[in-house]
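Text of coords-v2.csv (CSV, C-alpha atoms) as supplied:
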chain,number,residue,atom,x,y,z
A,1,MET,CA,76.7,90.5,117.1
A,2,SER,CA,75.0,91.1,113.8
A,3,SER,CA,76.7,92.8,110.9
A,4,ALA,CA,73.2,94.2,110.1
A,5,ARG,CA,73.5,97.0,112.6
A,6,HIS,CA,76.6,98.4,110.9
A,7,VAL,CA,75.8,100.2,107.6
A,8,PRO,CA,79.0,101.4,105.9
A,9,VAL,CA,78.8,105.1,105.2
A,10,MET,CA,78.6,106.3,101.5
A,11,LEU,CA,79.4,102.8,100.4
A,12,GLN,CA,78.2,103.0,96.8
A,13,ARG,CA,80.0,106.2,96.2
A,14,CYS,CA,83.3,104.8,97.6
A,15,LEU,CA,82.9,101.7,95.3
A,16,ASP,CA,82.2,104.0,92.3
A,17,LEU,CA,85.2,106.1,93.0
A,18,LEU,CA,87.6,103.1,93.2
A,19,ALA,CA,86.0,101.0,90.4
A,20,PRO,CA,88.0,102.2,87.4
A,21,ALA,CA,91.3,101.2,89.2
A,22,LEU,CA,90.0,97.8,90.4
A,23,ALA,CA,88.7,96.3,87.1
A,24,GLU,CA,92.0,94.6,86.2
A,25,PRO,CA,92.6,91.0,87.4
A,26,GLY,CA,94.9,90.9,90.4
A,27,ALA,CA,94.3,94.5,91.4
A,28,VAL,CA,95.1,95.1,95.1
A,29,VAL,CA,92.7,97.2,97.2
A,30,VAL,CA,93.7,98.2,100.7
A,31,ASP,CA,91.0,98.9,103.4
A,32,CYS,CA,93.0,100.9,105.9
A,33,THR,CA,90.2,100.9,108.5
A,34,LEU,CA,88.7,97.5,108.4
A,35,GLY,CA,86.4,97.8,111.4
A,36,LEU,CA,83.6,95.3,111.1
A,37,GLY,CA,84.4,94.7,107.5
A,38,GLY,CA,81.4,96.3,105.8
A,39,HIS,CA,83.5,98.2,103.2
A,40,SER,CA,85.9,95.3,102.8
A,41,GLU,CA,83.1,92.8,102.2
A,42,ALA,CA,81.5,95.2,99.6
A,43,LEU,CA,84.9,95.6,97.8
A,44,LEU,CA,85.4,91.8,97.6
A,45,ALA,CA,81.9,91.3,96.3
A,46,ALA,CA,82.0,94.2,93.8
A,47,PHE,CA,85.5,93.4,92.3
A,48,PRO,CA,85.7,89.6,92.1
A,49,SER,CA,89.2,89.6,90.6
A,50,ALA,CA,90.7,92.0,93.2
A,51,ARG,CA,92.8,91.0,96.2
A,52,LEU,CA,92.0,92.8,99.5
A,53,VAL,CA,94.5,93.8,102.2
A,54,ALA,CA,92.8,95.2,105.3
A,55,LEU,CA,94.4,96.8,108.4
A,56,ASP,CA,93.0,97.4,111.8
A,57,ARG,CA,94.7,98.2,115.2
A,58,ASP,CA,91.8,96.7,117.1
A,59,LYS,CA,92.2,92.9,117.6
A,60,GLU,CA,88.5,92.4,118.3
A,61,ALA,CA,87.6,94.0,115.0
A,62,LEU,CA,90.1,91.7,113.2
A,63,ARG,CA,88.5,88.7,114.8
A,64,LEU,CA,84.9,89.6,114.0
A,65,SER,CA,85.6,90.8,110.4
A,66,GLY,CA,87.8,87.7,109.9
A,67,GLU,CA,84.6,85.6,110.4
A,68,ARG,CA,82.6,87.8,108.1
A,69,LEU,CA,85.2,87.7,105.3
A,70,ALA,CA,86.1,84.0,105.7
A,71,PRO,CA,84.0,83.0,102.6
A,72,TYR,CA,86.4,85.0,100.4
A,73,GLY,CA,89.3,82.8,101.5
A,74,ASP,CA,92.8,83.9,100.5
A,75,ARG,CA,91.5,86.9,98.5
A,76,ALA,CA,91.4,88.7,101.9
A,77,THR,CA,94.5,89.3,104.0
A,78,LEU,CA,93.8,90.9,107.4
A,79,VAL,CA,96.7,92.6,109.3
A,80,HIS,CA,97.0,93.9,112.8
A,81,ALA,CA,98.5,97.3,112.1
A,82,VAL,CA,97.9,101.1,112.4
A,83,TYR,CA,97.2,102.6,109.0
A,84,ASP,CA,100.3,104.7,108.8
A,85,GLU,CA,102.2,101.3,108.7
A,86,LEU,CA,100.7,100.6,105.2
A,87,PRO,CA,104.0,100.8,103.2
A,88,GLU,CA,105.6,98.3,105.6
A,89,VAL,CA,102.6,96.0,105.5
A,90,LEU,CA,102.6,95.9,101.6
A,91,ASP,CA,106.4,95.4,101.7
A,92,ARG,CA,106.1,92.4,104.0
A,93,LEU,CA,103.4,90.9,101.7
A,94,GLY,CA,105.6,91.4,98.7
A,95,ILE,CA,103.1,93.8,97.1
A,96,PRO,CA,104.9,96.6,95.2
A,97,ARG,CA,101.9,98.9,94.6
A,98,ALA,CA,98.2,99.2,95.4
A,99,GLN,CA,95.5,100.0,92.8
A,100,GLY,CA,93.0,101.2,95.4
A,101,VAL,CA,93.1,102.6,99.0
A,102,LEU,CA,90.1,103.3,101.2
A,103,PHE,CA,90.1,105.1,104.5
A,104,ASP,CA,86.9,105.3,106.7
A,105,LEU,CA,88.1,107.4,109.6
A,106,GLY,CA,85.0,107.2,111.8
A,107,VAL,CA,85.1,105.3,115.0
A,108,SER,CA,83.9,101.8,114.2
A,109,SER,CA,80.3,101.1,115.2
A,110,MET,CA,81.5,98.2,117.2
A,111,GLN,CA,83.7,100.4,119.4
A,112,LEU,CA,80.7,102.8,120.0
A,113,ASP,CA,78.3,99.9,120.6
A,114,GLU,CA,80.5,97.8,123.0
A,115,ALA,CA,79.8,99.4,126.3
A,116,ASP,CA,83.0,98.5,128.1
A,117,ARG,CA,85.3,100.4,125.7
A,118,GLY,CA,84.3,103.8,127.0
A,119,PHE,CA,83.9,105.5,123.6
A,120,ALA,CA,80.3,106.3,123.9
A,121,TYR,CA,79.0,109.1,126.2
A,122,ALA,CA,75.5,107.7,126.2
A,123,GLN,CA,76.3,104.8,128.6
A,124,ASP,CA,78.5,104.4,131.7
A,125,ALA,CA,81.8,102.6,131.0
A,126,PRO,CA,85.5,102.7,132.0
A,127,LEU,CA,87.2,105.6,130.3
A,128,ASP,CA,89.5,103.7,128.1
A,129,MET,CA,89.0,104.7,124.4
A,130,ARG,CA,92.1,102.9,123.1
A,131,MET,CA,91.4,101.4,119.7
A,132,ASP,CA,94.3,98.9,120.4
A,133,GLN,CA,93.8,97.9,124.0
A,134,THR,CA,97.2,96.3,124.2
A,135,THR,CA,99.1,99.6,124.2
A,136,GLY,CA,99.2,103.3,125.1
A,137,VAL,CA,97.5,105.5,127.7
A,138,SER,CA,93.8,105.4,128.4
A,139,ALA,CA,91.4,108.4,128.4
A,140,ALA,CA,91.2,108.2,132.2
A,141,GLU,CA,95.0,108.6,132.4
A,142,VAL,CA,94.9,111.7,130.1
A,143,LEU,CA,92.2,113.3,132.3
A,144,ASN,CA,93.9,112.4,135.5
A,145,THR,CA,97.5,113.3,134.7
A,146,TYR,CA,97.7,115.9,131.9
A,147,PRO,CA,98.5,119.5,132.9
A,148,PRO,CA,95.4,121.8,132.7
A,149,GLY,CA,96.9,123.9,129.8
A,150,GLU,CA,97.4,120.7,127.8
A,151,LEU,CA,93.9,119.5,128.4
A,152,VAL,CA,92.5,122.9,127.3
A,153,ARG,CA,94.6,122.7,124.1
A,154,ILE,CA,93.3,119.1,123.3
A,155,LEU,CA,89.6,120.0,123.9
A,156,ARG,CA,90.0,123.1,121.7
A,157,ALA,CA,92.1,121.6,118.9
A,158,TYR,CA,90.5,118.2,118.7
A,159,GLY,CA,87.0,118.8,120.0
A,160,GLU,CA,86.5,122.4,118.8
A,161,GLU,CA,85.1,122.9,122.3
A,162,LYS,CA,84.5,126.6,123.0
A,163,GLN,CA,84.0,125.9,126.7
A,164,ALA,CA,87.3,124.0,127.1
A,165,LYS,CA,88.5,126.2,130.0
A,166,ARG,CA,85.3,125.7,132.1
A,167,ILE,CA,85.3,122.0,131.5
A,168,VAL,CA,89.0,121.6,132.3
A,169,SER,CA,88.8,123.7,135.5
A,170,ALA,CA,86.0,121.4,136.7
A,171,VAL,CA,88.0,118.3,135.7
A,172,VAL,CA,91.1,119.5,137.6
A,173,ARG,CA,89.0,120.3,140.7
A,174,GLU,CA,87.2,116.9,140.6
A,175,ARG,CA,90.3,114.8,139.9
A,176,GLU,CA,92.0,116.1,143.0
A,177,LYS,CA,89.1,114.7,145.1
A,178,GLU,CA,89.1,111.4,143.2
A,179,PRO,CA,90.7,110.3,139.9
A,180,PHE,CA,88.3,109.7,136.9
A,181,SER,CA,87.6,106.2,135.9
A,182,ASN,CA,84.2,106.1,134.3
A,183,SER,CA,82.4,107.9,131.5
A,184,ALA,CA,79.2,108.8,133.4
A,185,ARG,CA,81.0,111.0,135.9
A,186,LEU,CA,82.7,112.9,133.1
A,187,VAL,CA,79.4,113.4,131.2
A,188,GLU,CA,77.7,114.7,134.4
A,189,LEU,CA,80.7,117.1,135.1
A,190,ILE,CA,80.5,118.5,131.6
A,191,ARG,CA,76.7,119.1,131.9
A,192,ASP,CA,77.2,120.9,135.1
A,193,ALA,CA,80.1,123.0,133.8
A,194,LEU,CA,78.5,124.3,130.7
A,195,PRO,CA,76.4,127.5,130.6
A,196,GLN,CA,72.7,126.9,129.8
A,197,ALA,CA,73.0,128.4,126.3
A,198,ALA,CA,75.8,126.0,125.3
A,199,LYS,CA,73.6,123.0,126.3
A,200,ARG,CA,70.8,123.9,124.0
A,201,THR,CA,72.7,123.3,120.7
A,202,GLY,CA,74.5,120.4,119.0
A,203,GLY,CA,73.3,117.2,120.7
A,204,ASN,CA,75.0,115.7,123.8
A,205,PRO,CA,77.2,118.4,125.4
A,206,ALA,CA,79.9,115.7,126.1
A,207,LYS,CA,80.3,114.8,122.5
A,208,ARG,CA,83.1,117.3,121.7
A,209,THR,CA,85.1,116.4,124.8
A,210,PHE,CA,84.8,112.6,124.1
A,211,GLN,CA,85.9,113.2,120.5
A,212,ALA,CA,88.9,115.2,121.6
A,213,LEU,CA,90.0,112.5,124.2
A,214,ARG,CA,89.6,109.8,121.6
A,215,ILE,CA,91.8,111.6,119.1
A,216,GLU,CA,94.5,112.3,121.8
A,217,VAL,CA,94.4,108.7,123.1
A,218,ASN,CA,94.8,107.1,119.7
A,219,GLY,CA,97.2,109.8,118.2
A,220,GLU,CA,94.7,109.9,115.4
A,221,LEU,CA,95.7,113.2,113.7
A,222,SER,CA,99.4,112.5,113.9
A,223,VAL,CA,98.9,109.0,112.5
A,224,LEU,CA,96.7,110.5,109.7
A,225,GLU,CA,99.3,113.1,108.9
A,226,ARG,CA,101.7,110.3,108.1
A,227,ALA,CA,99.2,107.8,106.7
A,228,ILE,CA,97.6,109.8,103.8
A,229,PRO,CA,100.9,110.8,102.1
A,230,ALA,CA,102.2,107.2,102.7
A,231,ALA,CA,99.0,105.8,101.1
A,232,VAL,CA,99.3,108.1,98.1
A,233,LYS,CA,102.9,106.9,97.6
A,234,THR,CA,101.8,103.2,97.6
A,235,LEU,CA,99.4,103.9,94.7
A,236,ALA,CA,100.3,102.6,91.2
A,237,VAL,CA,99.8,105.1,88.4
A,238,GLY,CA,96.0,104.9,87.6
A,239,GLY,CA,95.4,103.8,91.2
A,240,ARG,CA,92.8,105.6,93.3
A,241,ILE,CA,92.3,106.7,96.9
A,242,ALA,CA,89.0,107.5,98.7
A,243,VAL,CA,88.9,109.0,102.2
A,244,LEU,CA,85.9,109.4,104.4
A,245,SER,CA,86.4,111.8,107.3
A,246,TYR,CA,84.0,112.8,110.1
A,247,HIS,CA,85.3,116.1,111.4
A,248,SER,CA,86.8,119.2,110.0
A,249,LEU,CA,90.3,118.6,111.3
A,250,GLU,CA,90.6,115.2,109.5
A,251,ASP,CA,89.0,116.6,106.4
A,252,ARG,CA,91.4,119.6,106.3
A,253,LEU,CA,94.4,117.3,106.6
A,254,VAL,CA,93.1,115.0,103.8
A,255,LYS,CA,92.3,118.1,101.6
A,256,GLN,CA,95.8,119.5,102.1
A,257,VAL,CA,97.6,116.3,101.1
A,258,LEU,CA,95.5,115.6,98.0
A,259,ALA,CA,95.5,119.3,96.9
A,260,ALA,CA,99.3,119.4,97.2
A,261,GLY,CA,99.6,116.2,95.1
A,262,ALA,CA,97.3,117.8,92.5
A,263,ALA,CA,99.3,121.0,92.3
A,264,THR,CA,102.3,121.8,90.1
A,265,THR,CA,105.5,122.3,92.0
A,266,ALA,CA,107.1,124.4,89.3
A,267,PRO,CA,108.6,127.8,90.1
A,268,PRO,CA,106.2,130.5,88.8
A,269,GLY,CA,106.7,131.9,85.3
A,270,LEU,CA,108.0,128.8,83.4
A,271,PRO,CA,106.6,128.8,79.9
A,272,VAL,CA,106.5,125.0,79.9
A,273,VAL,CA,106.2,122.9,83.1
A,274,PRO,CA,108.8,120.1,83.0
A,275,GLU,CA,107.7,116.6,83.9
A,276,GLN,CA,109.3,116.6,87.4
A,277,TYR,CA,107.0,119.5,88.4
A,278,GLN,CA,103.8,118.2,87.0
A,279,PRO,CA,101.0,117.2,89.4
A,280,ARG,CA,101.1,113.6,90.7
A,281,LEU,CA,97.4,113.4,91.5
A,282,LYS,CA,94.1,114.3,89.8
A,283,LEU,CA,91.3,115.2,92.2
A,284,LEU,CA,88.1,113.0,91.7
A,285,THR,CA,85.8,115.0,94.0
A,286,ARG,CA,84.9,118.7,93.8
A,287,GLY,CA,85.6,119.7,97.3
A,288,ALA,CA,84.3,117.1,99.8
A,289,GLU,CA,81.2,115.1,98.8
A,290,LEU,CA,78.5,114.8,101.4
A,291,PRO,CA,76.1,112.0,102.2
A,292,THR,CA,72.6,112.3,100.8
A,293,ASP,CA,69.6,113.3,103.0
A,294,GLU,CA,68.2,109.8,102.4
A,295,GLU,CA,71.4,108.2,103.7
A,296,ILE,CA,71.5,110.4,106.8
A,297,ALA,CA,67.9,109.5,107.5
A,298,GLU,CA,68.7,105.8,107.3
A,299,ASN,CA,72.1,106.0,109.2
A,300,ARG,CA,72.6,109.0,111.5
A,301,ARG,CA,76.3,108.2,111.8
A,302,ALA,CA,76.7,109.2,108.2
A,303,ALA,CA,75.7,112.9,108.9
A,304,PRO,CA,79.2,114.4,109.4
A,305,ALA,CA,80.9,112.3,106.7
A,306,ARG,CA,83.0,114.0,104.0
A,307,LEU,CA,84.4,112.1,101.1
A,308,ARG,CA,87.4,113.0,99.0
A,309,GLY,CA,89.1,111.0,96.2
A,310,ALA,CA,92.1,111.3,94.0
A,311,GLU,CA,93.8,109.3,91.2
A,312,ARG,CA,97.5,108.8,90.8
A,313,ILE,CA,98.5,110.2,87.4
A,314,ARG,CA,102.3,110.0,87.4
A,315,GLU,CA,105.2,108.7,89.4
A,316,ASP,CA,107.1,110.9,91.8
A,317,ALA,CA,110.0,112.8,90.3
A,318,LEU,CA,113.3,111.1,91.0

Written form, structure tokens:
Amino acid sequence: MSSARHVPVMLQRCLDLLAPALAEPGAVVVDCTLGLGGHSEALLAAFPSARLVALDRDKEALRLSGERLAPYGDRATLVHAVYDELPEVLDRLGIPRAQGVLFDLGVSSMQLDEADRGFAYAQDAPLDMRMDQTTGVSAAEVLNTYPPGELVRILRAYGEEKQAKRIVSAVVREREKEPFSNSARLVELIRDALPQAAKRTGGNPAKRTFQALRIEVNGELSVLERAIPAAVKTLAVGGRIAVLSYHSLEDRLVKQVLAAGAATTAPPGLPVVPEQYQPRLKLLTRGAELPTDEEIAENRRAAPARLRGAERIREDAL
């Protein structure tokens, strides 16, 4: 288990975005998606006077990154939590506001690389996909028990899978013979269900279905819908947030929350905009920033990444 295999995506750009908010001694930076601790370790190293709070719902990730971050002693506080619980976590720790917040929404490399978790379509494994294996329904249960219409909706909405109906009718036919338990059978079924033309483009044909199941199993979009506004609320004035997303649904959600914070809420036509209607956020990225070609060449997992950042410029109106 070497940390070398995990290269944090757009690392330097994330550090640069957060840097102006983390220079003050005692600044608190929150890594909402600890994973193997790559971003966290870089934050602790780059900002020697900052304190890190890092969240992950995956106990194995907490254990491994705990070993990695041990040299930083009590500057790092690791918490078993889902990232929409950020306000409660800070509250419990007695931290009124954060100066920096980072989200890296990709599936952690560890989850993709540990065969028995069932995230990866490249190897056979039990269809689990839960980031926290102590709670919730597995991907196998979703496939075996959800009504066909609901499965089609999930594949279309979360996987942007154009062939959702074909795949689902094959799944329904097969699950009646024998419930799904392993990833290889699902991958094979998808290959067989897709028309030739659909197999020629866009990598492994199972990719979109696996993404959709993962999002459903972990409630990722509904968690994210709560988490980004909650994170913005925890920022001190002058504090900054950076969010890395990996597919258009996540990116759209992040864009909407940050854009709403950066817009005036005044009724149209006011000659002067009163303080309570002024924007709360200033956007730090023009649209979403993309990884460089060099980075993608070195780390193929960076390819779909989109980075957005914002700075808190005033308190919420009372």

Original post:
Out of A:Val171, A:Leu64, A:Met10, A:Ala297, which residue has the shortest atom-to-atom distance to A:Asp192 when counting all atoms listed in the file?
Top reply: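 Once distances to A:Asp192 are computed over all atoms listed in the file, the minimum belongs to A:Val171.
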
**OP:** Rank nothing, just name the residue among A:Val142, A:Ala263, A:Ala50, A:Leu283 nearest to A:Ile215, using all atoms listed in the file.
**Re:** A:Val142

Subject >> Between atom CA of A:Asp56 and atom CA of A:Glu150, distance in Å (one decimal) >> reply: 28.6 Å

Subject >> Between atom CA of A:Gln278 and atom CA of A:Pro96, distance in Å (one decimal) >> reply: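 Distance reported for this atom pair: 23.1 Å.
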
Cut-off 8 Å: closest stretch 43-128 of chain A/stretch 136-141 of chain A atom pairs per residue, using all atoms listed in the file, as JSON lines:
{"residue": "A:Pro126", "atom": "CA", "partner": "A:Ala140", "partner_atom": "CA", "distance": 7.9}
{"residue": "A:Leu127", "atom": "CA", "partner": "A:Ala140", "partner_atom": "CA", "distance": 5.1}
{"residue": "A:Asp128", "atom": "CA", "partner": "A:Ser138", "partner_atom": "CA", "distance": 4.6}
